[in-house]
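Undergrad: Below is target17.tsv; it holds TSV, C-alpha atoms.
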```tsv
chain	number	residue	atom	x	y	z
P	1	MET	CA	4.06	86.20	-2.79
P	2	GLU	CA	4.16	86.10	-6.59
P	3	GLN	CA	0.91	87.16	-8.26
P	4	GLU	CA	-0.52	84.80	-10.88
P	5	TYR	CA	-1.21	86.10	-14.37
P	6	ASP	CA	-4.85	86.08	-15.44
P	7	ALA	CA	-5.55	86.74	-19.12
P	8	ASN	CA	-9.27	87.16	-18.41
P	9	VAL	CA	-8.56	90.24	-16.28
P	10	ASP	CA	-6.54	91.83	-19.11
P	11	SER	CA	-9.32	91.26	-21.63
P	12	GLU	CA	-11.93	92.71	-19.26
P	13	VAL	CA	-9.86	95.91	-18.99
P	14	TYR	CA	-10.59	96.64	-22.66
P	15	LEU	CA	-14.31	96.17	-22.06
P	16	ILE	CA	-14.23	98.52	-19.06
P	17	ILE	CA	-12.24	101.13	-20.99
P	18	GLY	CA	-14.74	100.93	-23.84
P	19	ALA	CA	-17.66	101.42	-21.47
P	20	ILE	CA	-15.97	104.39	-19.78
P	21	VAL	CA	-15.18	106.03	-23.12
P	22	LEU	CA	-18.78	105.49	-24.25
P	23	MET	CA	-20.07	107.18	-21.09
P	24	ILE	CA	-17.65	110.09	-21.57
P	25	PHE	CA	-18.69	110.60	-25.18
P	26	SER	CA	-22.36	110.33	-24.19
P	27	LEU	CA	-21.74	113.09	-21.63
P	28	LEU	CA	-20.00	115.16	-24.31
P	29	GLU	CA	-23.03	114.67	-26.55
P	30	LEU	CA	-25.30	116.02	-23.81
P	31	ILE	CA	-22.97	119.01	-23.32
P	32	ALA	CA	-22.84	119.53	-27.08
P	33	LEU	CA	-26.62	119.56	-27.30
P	34	ARG	CA	-26.75	122.11	-24.51
P	35	VAL	CA	-24.16	124.30	-26.23
P	36	TYR	CA	-26.01	123.96	-29.54
P	37	LYS	CA	-29.20	125.27	-28.00
P	38	VAL	CA	-27.35	128.26	-26.61
P	39	ASN	CA	-25.55	128.91	-29.90
P	40	GLU	CA	-28.77	128.51	-31.83
P	41	VAL	CA	-30.07	131.58	-30.09
P	42	ILE	CA	-26.84	133.61	-30.09
P	43	THR	CA	-24.90	132.66	-33.22
P	44	LYS	CA	-24.24	129.94	-35.78
P	45	PRO	CA	-23.43	126.41	-34.62
P	46	SER	CA	-19.72	125.77	-34.07
P	47	LEU	CA	-17.57	123.02	-35.56
P	48	PHE	CA	-17.86	121.37	-32.15
P	49	MET	CA	-21.47	120.54	-33.03
P	50	SER	CA	-20.60	118.75	-36.28
P	51	PHE	CA	-19.49	115.64	-34.35
P	52	ASN	CA	-21.86	112.97	-33.09
P	53	PHE	CA	-20.11	111.93	-29.90
P	54	ILE	CA	-22.43	109.00	-29.17
P	55	GLU	CA	-21.60	107.41	-32.53
P	56	ILE	CA	-17.87	107.88	-31.91
P	57	GLY	CA	-18.25	106.44	-28.41
P	58	MET	CA	-20.22	103.46	-29.73
P	59	LEU	CA	-17.57	102.82	-32.38
P	60	PHE	CA	-14.83	102.87	-29.75
P	61	PHE	CA	-16.87	100.60	-27.45
P	62	MET	CA	-17.45	98.12	-30.29
P	63	MET	CA	-13.70	98.03	-30.99
P	64	CYS	CA	-12.96	97.37	-27.32
P	65	HIS	CA	-15.65	94.69	-27.25
P	66	PHE	CA	-14.07	93.02	-30.27
P	67	ILE	CA	-10.65	93.06	-28.57
P	68	TYR	CA	-12.26	91.58	-25.43
P	69	TYR	CA	-13.93	88.80	-27.43
P	70	PHE	CA	-10.74	88.12	-29.40
P	71	MET	CA	-8.55	87.87	-26.28
P	72	ASN	CA	-11.12	85.68	-24.51
P	73	SER	CA	-11.23	83.34	-27.51
P	74	ILE	CA	-7.45	83.03	-27.58
P	75	ASP	CA	-7.38	82.43	-23.83
P	76	HIS	CA	-10.09	79.75	-24.12
P	77	MET	CA	-8.19	77.97	-26.91
P	78	SER	CA	-5.00	78.13	-24.84
P	79	GLU	CA	-6.77	76.68	-21.80
P	80	SER	CA	-8.25	73.87	-23.91
P	81	ARG	CA	-4.85	73.09	-25.39
P	82	ILE	CA	-3.14	73.14	-22.00
P	83	LYS	CA	-5.89	70.96	-20.50
P	84	SER	CA	-5.48	68.49	-23.34
P	85	GLN	CA	-1.71	68.44	-22.88
P	86	LEU	CA	-2.03	67.95	-19.12
P	87	GLU	CA	-4.48	65.10	-19.60
P	88	GLY	CA	-2.06	63.56	-22.07
P	89	LEU	CA	0.76	63.84	-19.53
P	90	ALA	CA	-1.43	62.39	-16.80
P	91	TYR	CA	-2.20	59.29	-18.84
P	92	LYS	CA	1.19	58.75	-20.51
P	93	ASP	CA	4.22	57.01	-19.17
P	94	ALA	CA	6.90	59.71	-18.95
P	95	LEU	CA	9.75	57.47	-20.09
P	96	THR	CA	8.19	55.63	-23.02
P	97	GLY	CA	5.21	57.73	-24.11
P	98	LEU	CA	2.99	54.65	-23.84
P	99	MET	CA	-0.23	54.65	-21.81
P	100	ASN	CA	0.48	54.43	-18.09
P	101	ARG	CA	-1.13	52.19	-15.48
P	102	ALA	CA	-3.92	54.69	-14.75
P	103	ARG	CA	-4.95	54.95	-18.39
P	104	CYS	CA	-4.67	51.19	-18.88
P	105	SER	CA	-7.02	50.67	-15.93
P	106	GLN	CA	-9.54	53.09	-17.46
P	107	VAL	CA	-9.49	51.39	-20.86
P	108	THR	CA	-9.56	47.81	-19.61
P	109	ALA	CA	-12.45	48.58	-17.24
P	110	THR	CA	-14.71	49.09	-20.25
P	111	LEU	CA	-13.61	46.04	-22.27
P	112	SER	CA	-16.32	43.64	-23.37
P	113	GLY	CA	-17.07	41.24	-26.17
P	114	ASN	CA	-14.25	39.74	-28.20
P	115	TYR	CA	-10.74	40.88	-27.28
P	116	ALA	CA	-7.24	39.59	-26.59
P	117	VAL	CA	-4.77	40.53	-23.86
P	118	VAL	CA	-1.00	40.19	-24.14
P	119	SER	CA	1.14	40.36	-20.99
P	120	LEU	CA	4.82	41.19	-21.56
P	121	ASP	CA	7.72	41.31	-19.15
P	122	LEU	CA	11.11	42.75	-20.14
P	123	ASP	CA	13.82	40.27	-19.14
P	124	ARG	CA	16.93	41.20	-17.11
P	125	LEU	CA	16.04	44.86	-16.53
P	126	LYS	CA	17.25	44.68	-12.92
P	127	TYR	CA	20.54	43.12	-14.07
P	128	VAL	CA	21.12	45.96	-16.56
P	129	ASN	CA	20.28	48.58	-13.92
P	130	ASP	CA	22.66	46.96	-11.41
P	131	THR	CA	25.58	46.39	-13.80
P	132	LEU	CA	25.31	49.15	-16.41
P	133	GLY	CA	23.39	51.81	-14.50
P	134	HIS	CA	19.89	53.22	-14.65
P	135	LEU	CA	20.56	55.31	-17.76
P	136	GLU	CA	21.16	52.13	-19.75
P	137	GLY	CA	18.19	50.56	-18.00
P	138	ASP	CA	16.02	53.46	-19.15
P	139	ARG	CA	17.36	53.13	-22.68
P	140	MET	CA	16.53	49.42	-22.60
P	141	ILE	CA	12.93	50.22	-21.61
P	142	LYS	CA	12.58	52.88	-24.32
P	143	VAL	CA	13.97	50.60	-27.03
P	144	PHE	CA	11.63	47.82	-25.96
P	145	ALA	CA	8.65	50.21	-25.95
P	146	THR	CA	9.46	51.30	-29.50
P	147	LEU	CA	9.69	47.69	-30.67
P	148	ILE	CA	6.35	46.84	-29.01
P	149	THR	CA	4.67	49.77	-30.76
P	150	GLU	CA	6.01	48.61	-34.12
P	151	ALA	CA	5.26	44.92	-33.56
P	152	PHE	CA	1.74	45.31	-32.16
P	153	GLU	CA	0.47	47.65	-34.85
P	154	GLY	CA	-3.31	47.98	-34.76
P	155	ALA	CA	-3.62	47.26	-31.04
P	156	SER	CA	-6.32	49.12	-29.10
P	157	LEU	CA	-4.03	49.60	-26.12
P	158	ILE	CA	-0.28	49.47	-25.60
P	159	GLY	CA	0.80	50.43	-22.09
P	160	ARG	CA	3.48	50.21	-19.47
P	161	THR	CA	1.99	49.08	-16.17
P	162	GLY	CA	5.19	48.74	-14.14
P	163	GLY	CA	8.97	49.00	-14.30
P	164	ASP	CA	9.43	46.05	-16.67
P	165	GLU	CA	5.76	45.17	-17.21
P	166	PHE	CA	3.80	45.97	-20.37
P	167	ILE	CA	0.35	45.15	-21.68
P	168	VAL	CA	-1.29	45.06	-25.09
P	169	VAL	CA	-4.99	44.73	-25.90
P	170	PHE	CA	-6.55	43.84	-29.25
P	171	GLU	CA	-10.27	44.39	-29.72
P	172	ASN	CA	-12.04	42.09	-32.21
P	173	PRO	CA	-8.74	40.30	-32.90
P	174	THR	CA	-8.03	37.79	-35.65
P	175	ALA	CA	-7.14	34.28	-34.55
P	176	ASP	CA	-3.39	34.66	-35.11
P	177	VAL	CA	-2.81	38.36	-34.34
P	178	CYS	CA	-1.07	37.69	-31.03
P	179	ASP	CA	1.28	35.05	-32.46
P	180	LYS	CA	2.19	37.24	-35.44
P	181	SER	CA	2.78	40.30	-33.27
P	182	ILE	CA	5.01	38.43	-30.82
P	183	ARG	CA	7.04	37.01	-33.71
P	184	ARG	CA	7.51	40.54	-35.08
P	185	LEU	CA	8.62	41.68	-31.62
P	186	GLU	CA	11.12	38.82	-31.37
P	187	ALA	CA	12.47	39.65	-34.82
P	188	GLY	CA	12.85	43.31	-33.80
P	189	MET	CA	14.71	42.38	-30.61
P	190	ASP	CA	16.97	40.04	-32.61
P	191	ARG	CA	17.89	42.86	-35.02
P	192	PHE	CA	18.65	45.15	-32.10
P	193	ASN	CA	20.84	42.55	-30.37
P	194	LYS	CA	22.88	42.11	-33.55
P	195	SER	CA	23.44	45.85	-33.93
P	196	ASP	CA	23.94	46.88	-30.27
P	197	GLY	CA	26.15	44.90	-27.92
P	198	THR	CA	25.57	46.96	-24.78
P	199	PHE	CA	22.84	44.71	-23.42
P	200	PHE	CA	20.80	41.73	-24.61
P	201	LEU	CA	17.13	42.43	-25.24
P	202	SER	CA	14.53	39.73	-24.64
P	203	ALA	CA	11.03	39.48	-23.21
P	204	SER	CA	8.58	36.96	-21.83
P	205	CYS	CA	5.13	37.08	-23.44
P	206	GLY	CA	1.82	35.40	-22.75
P	207	TYR	CA	-1.60	36.03	-24.21
P	208	ALA	CA	-5.24	35.00	-23.82
P	209	TYR	CA	-8.46	35.57	-25.75
P	210	SER	CA	-11.67	36.55	-24.01
P	211	TYR	CA	-13.48	33.50	-25.46
P	212	GLU	CA	-11.11	31.29	-23.43
P	213	VAL	CA	-12.61	32.58	-20.17
P	214	ASN	CA	-16.22	31.91	-19.18
P	215	SER	CA	-16.68	35.23	-17.37
P	216	LYS	CA	-15.24	37.31	-20.28
P	217	LYS	CA	-14.06	39.73	-17.57
P	218	TYR	CA	-10.78	41.52	-18.16
P	219	LYS	CA	-9.26	40.55	-14.81
P	220	ASP	CA	-9.78	36.86	-15.61
P	221	VAL	CA	-8.50	37.15	-19.19
P	222	PHE	CA	-5.45	39.09	-17.98
P	223	TYR	CA	-4.80	36.52	-15.24
P	224	LEU	CA	-4.70	33.75	-17.84
P	225	ALA	CA	-2.38	35.78	-20.11
P	226	ASP	CA	-0.15	36.65	-17.15
P	227	GLN	CA	0.11	33.02	-16.02
P	228	ARG	CA	1.19	32.02	-19.52
P	229	MET	CA	3.74	34.85	-19.52
P	230	TYR	CA	5.25	33.61	-16.25
P	231	LYS	CA	5.63	30.12	-17.67
P	232	VAL	CA	7.68	31.57	-20.53
P	233	LYS	CA	9.67	33.65	-18.05
P	234	GLU	CA	10.54	30.53	-16.03
P	235	GLU	CA	11.80	28.90	-19.23
P	236	HIS	CA	13.95	31.97	-20.03
P	237	HIS	CA	15.49	32.06	-16.56
P	238	GLY	CA	15.74	28.29	-16.39
```
Once more with this new file: its structure as structure tokens, please.

TA:
Amino acid sequence: MEQEYDANVDSEVYLIIGAIVLMIFSLLELIALRVYKVNEVITKPSLFMSFNFIEIGMLFFMMCHFIYYFMNSIDHMSESRIKSQLEGLAYKDALTGLMNRARCSQVTATLSGNYAVVSLDLDRLKYVNDTLGHLEGDRMIKVFATLITEAFEGASLIGRTGGDEFIVVFENPTADVCDKSIRRLEAGMDRFNKSDGTFFLSASCGYAYSYEVNSKKYKDVFYLADQRMYKVKEEHHG
């Protein structure tokens, strides 16, 4: 079985070495004092007695302690960075980089006051997957996600909640922010369709403001936005 690497163990080795060296030099100091007493009676002190072994041991221990602290600090920063990256991966859609369903649920659970919800559904994704393959289907999703990000600038939340389902939330929105953003999205899709003939990009969009719903609860505001989106989708497929 492969043994896992632990940086904390490596840093503690320096601390242990420093403590051992300090004890050794302290013992040498005791021996030196003993020798000095003997030499004091017999002859002149030797060069051996000119060293203060405790001071040398303390200096070495302090250096080891500094290395221990330094390595622990680096390890802590690495752990914090890795934790942050893992949290980012856990809450991001792998394909688009947008917030995933889990993160969207966290954010929308805390919504209150004045906000707007936009429900978007990418048209003909299944058709592209079936006729052109999933690689083109993935490219279609990524292009659409990029256009949403550009069109809904200033949104509090932009997420992918399903294969072809997306959601946008504006907090404290202006009266026309949803209309303007959807028009920008449509203009972006139109530019793409003129420059890339592989597949045709379109989407069904519906939105609702929290003041339109008596409860002000997200699930009710989203339901209204989603119903409006499905009406547009029926028109597109009709």

Undergrad: Between atom CA of P:Leu224 and atom CA of P:Cys178, what distance in Å does the model show, to one decimal?

TA: 14.2 Å

Undergrad: Hey, what's within 9 Å of stretch 126-131 of chain P if we count only C-alpha atoms and toss same-chain stuff fewer than 3 positions away? As an MDAnalysis selection string, please?

TA: chainID P and resid 123 134:138 140 164 199

Undergrad: Could you give me, as CSV, every stretch 129-210 of chain P residue with an atom at most 12 Å from stretch 90-106 of chain P, plus its closest atom pair and distance in Å to one decimal, counting only C-alpha atoms, rows ordered by chain then number?

TA:
```
residue,atom,partner,partner_atom,distance
P:Leu135,CA,P:Leu95,CA,11.3
P:Gly137,CA,P:Leu95,CA,11.1
P:Asp138,CA,P:Leu95,CA,7.5
P:Arg139,CA,P:Leu95,CA,9.1
P:Met140,CA,P:Thr96,CA,10.4
P:Ile141,CA,P:Thr96,CA,7.3
P:Lys142,CA,P:Thr96,CA,5.3
P:Val143,CA,P:Thr96,CA,8.6
P:Phe144,CA,P:Thr96,CA,9.0
P:Ala145,CA,P:Thr96,CA,6.2
P:Thr146,CA,P:Thr96,CA,7.9
P:Leu147,CA,P:Thr96,CA,11.1
P:Ile148,CA,P:Leu98,CA,10.0
P:Thr149,CA,P:Leu98,CA,8.6
P:Ser156,CA,P:Cys104,CA,10.6
P:Leu157,CA,P:Cys104,CA,7.4
P:Ile158,CA,P:Leu98,CA,6.4
P:Gly159,CA,P:Met99,CA,4.4
P:Arg160,CA,P:Asn100,CA,5.4
P:Thr161,CA,P:Arg101,CA,4.5
P:Gly162,CA,P:Arg101,CA,7.3
P:Gly163,CA,P:Leu95,CA,10.3
P:Asp164,CA,P:Thr96,CA,11.6
P:Glu165,CA,P:Arg101,CA,10.0
P:Phe166,CA,P:Arg101,CA,9.3
P:Ile167,CA,P:Cys104,CA,8.3
P:Val168,CA,P:Cys104,CA,9.4
P:Val169,CA,P:Cys104,CA,9.5
```

Undergrad: Restricting the output to C-alpha atoms, write the selected residues as a CSV table (one decimal), in the frame of the given file.

TA:
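Final file, out28.csv:
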```csv
chain,number,residue,atom,x,y,z
P,135,LEU,CA,20.6,55.3,-17.8
P,137,GLY,CA,18.2,50.6,-18.0
P,138,ASP,CA,16.0,53.5,-19.2
P,139,ARG,CA,17.4,53.1,-22.7
P,140,MET,CA,16.5,49.4,-22.6
P,141,ILE,CA,12.9,50.2,-21.6
P,142,LYS,CA,12.6,52.9,-24.3
P,143,VAL,CA,14.0,50.6,-27.0
P,144,PHE,CA,11.6,47.8,-26.0
P,145,ALA,CA,8.6,50.2,-26.0
P,146,THR,CA,9.5,51.3,-29.5
P,147,LEU,CA,9.7,47.7,-30.7
P,148,ILE,CA,6.4,46.8,-29.0
P,149,THR,CA,4.7,49.8,-30.8
P,156,SER,CA,-6.3,49.1,-29.1
P,157,LEU,CA,-4.0,49.6,-26.1
P,158,ILE,CA,-0.3,49.5,-25.6
P,159,GLY,CA,0.8,50.4,-22.1
P,160,ARG,CA,3.5,50.2,-19.5
P,161,THR,CA,2.0,49.1,-16.2
P,162,GLY,CA,5.2,48.7,-14.1
P,163,GLY,CA,9.0,49.0,-14.3
P,164,ASP,CA,9.4,46.0,-16.7
P,165,GLU,CA,5.8,45.2,-17.2
P,166,PHE,CA,3.8,46.0,-20.4
P,167,ILE,CA,0.4,45.2,-21.7
P,168,VAL,CA,-1.3,45.1,-25.1
P,169,VAL,CA,-5.0,44.7,-25.9
```

Undergrad: Quote the spacing between atom CA of P:Ser210 and atom CA of P:Asp226 in Å to one decimal place.

TA: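 Distance reported for this atom pair: 13.4 Å.
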
Undergrad: If you count only C-alpha atoms, which residues fall within 12 Å of P:Glu186, apart from same-chain ones fewer than 6 positions away, as JSON, numbers by chain?

TA: {"P": [120, 122, 144, 147, 148, 150, 151, 152, 179, 180, 192, 193, 201, 202, 203, 204, 205]}
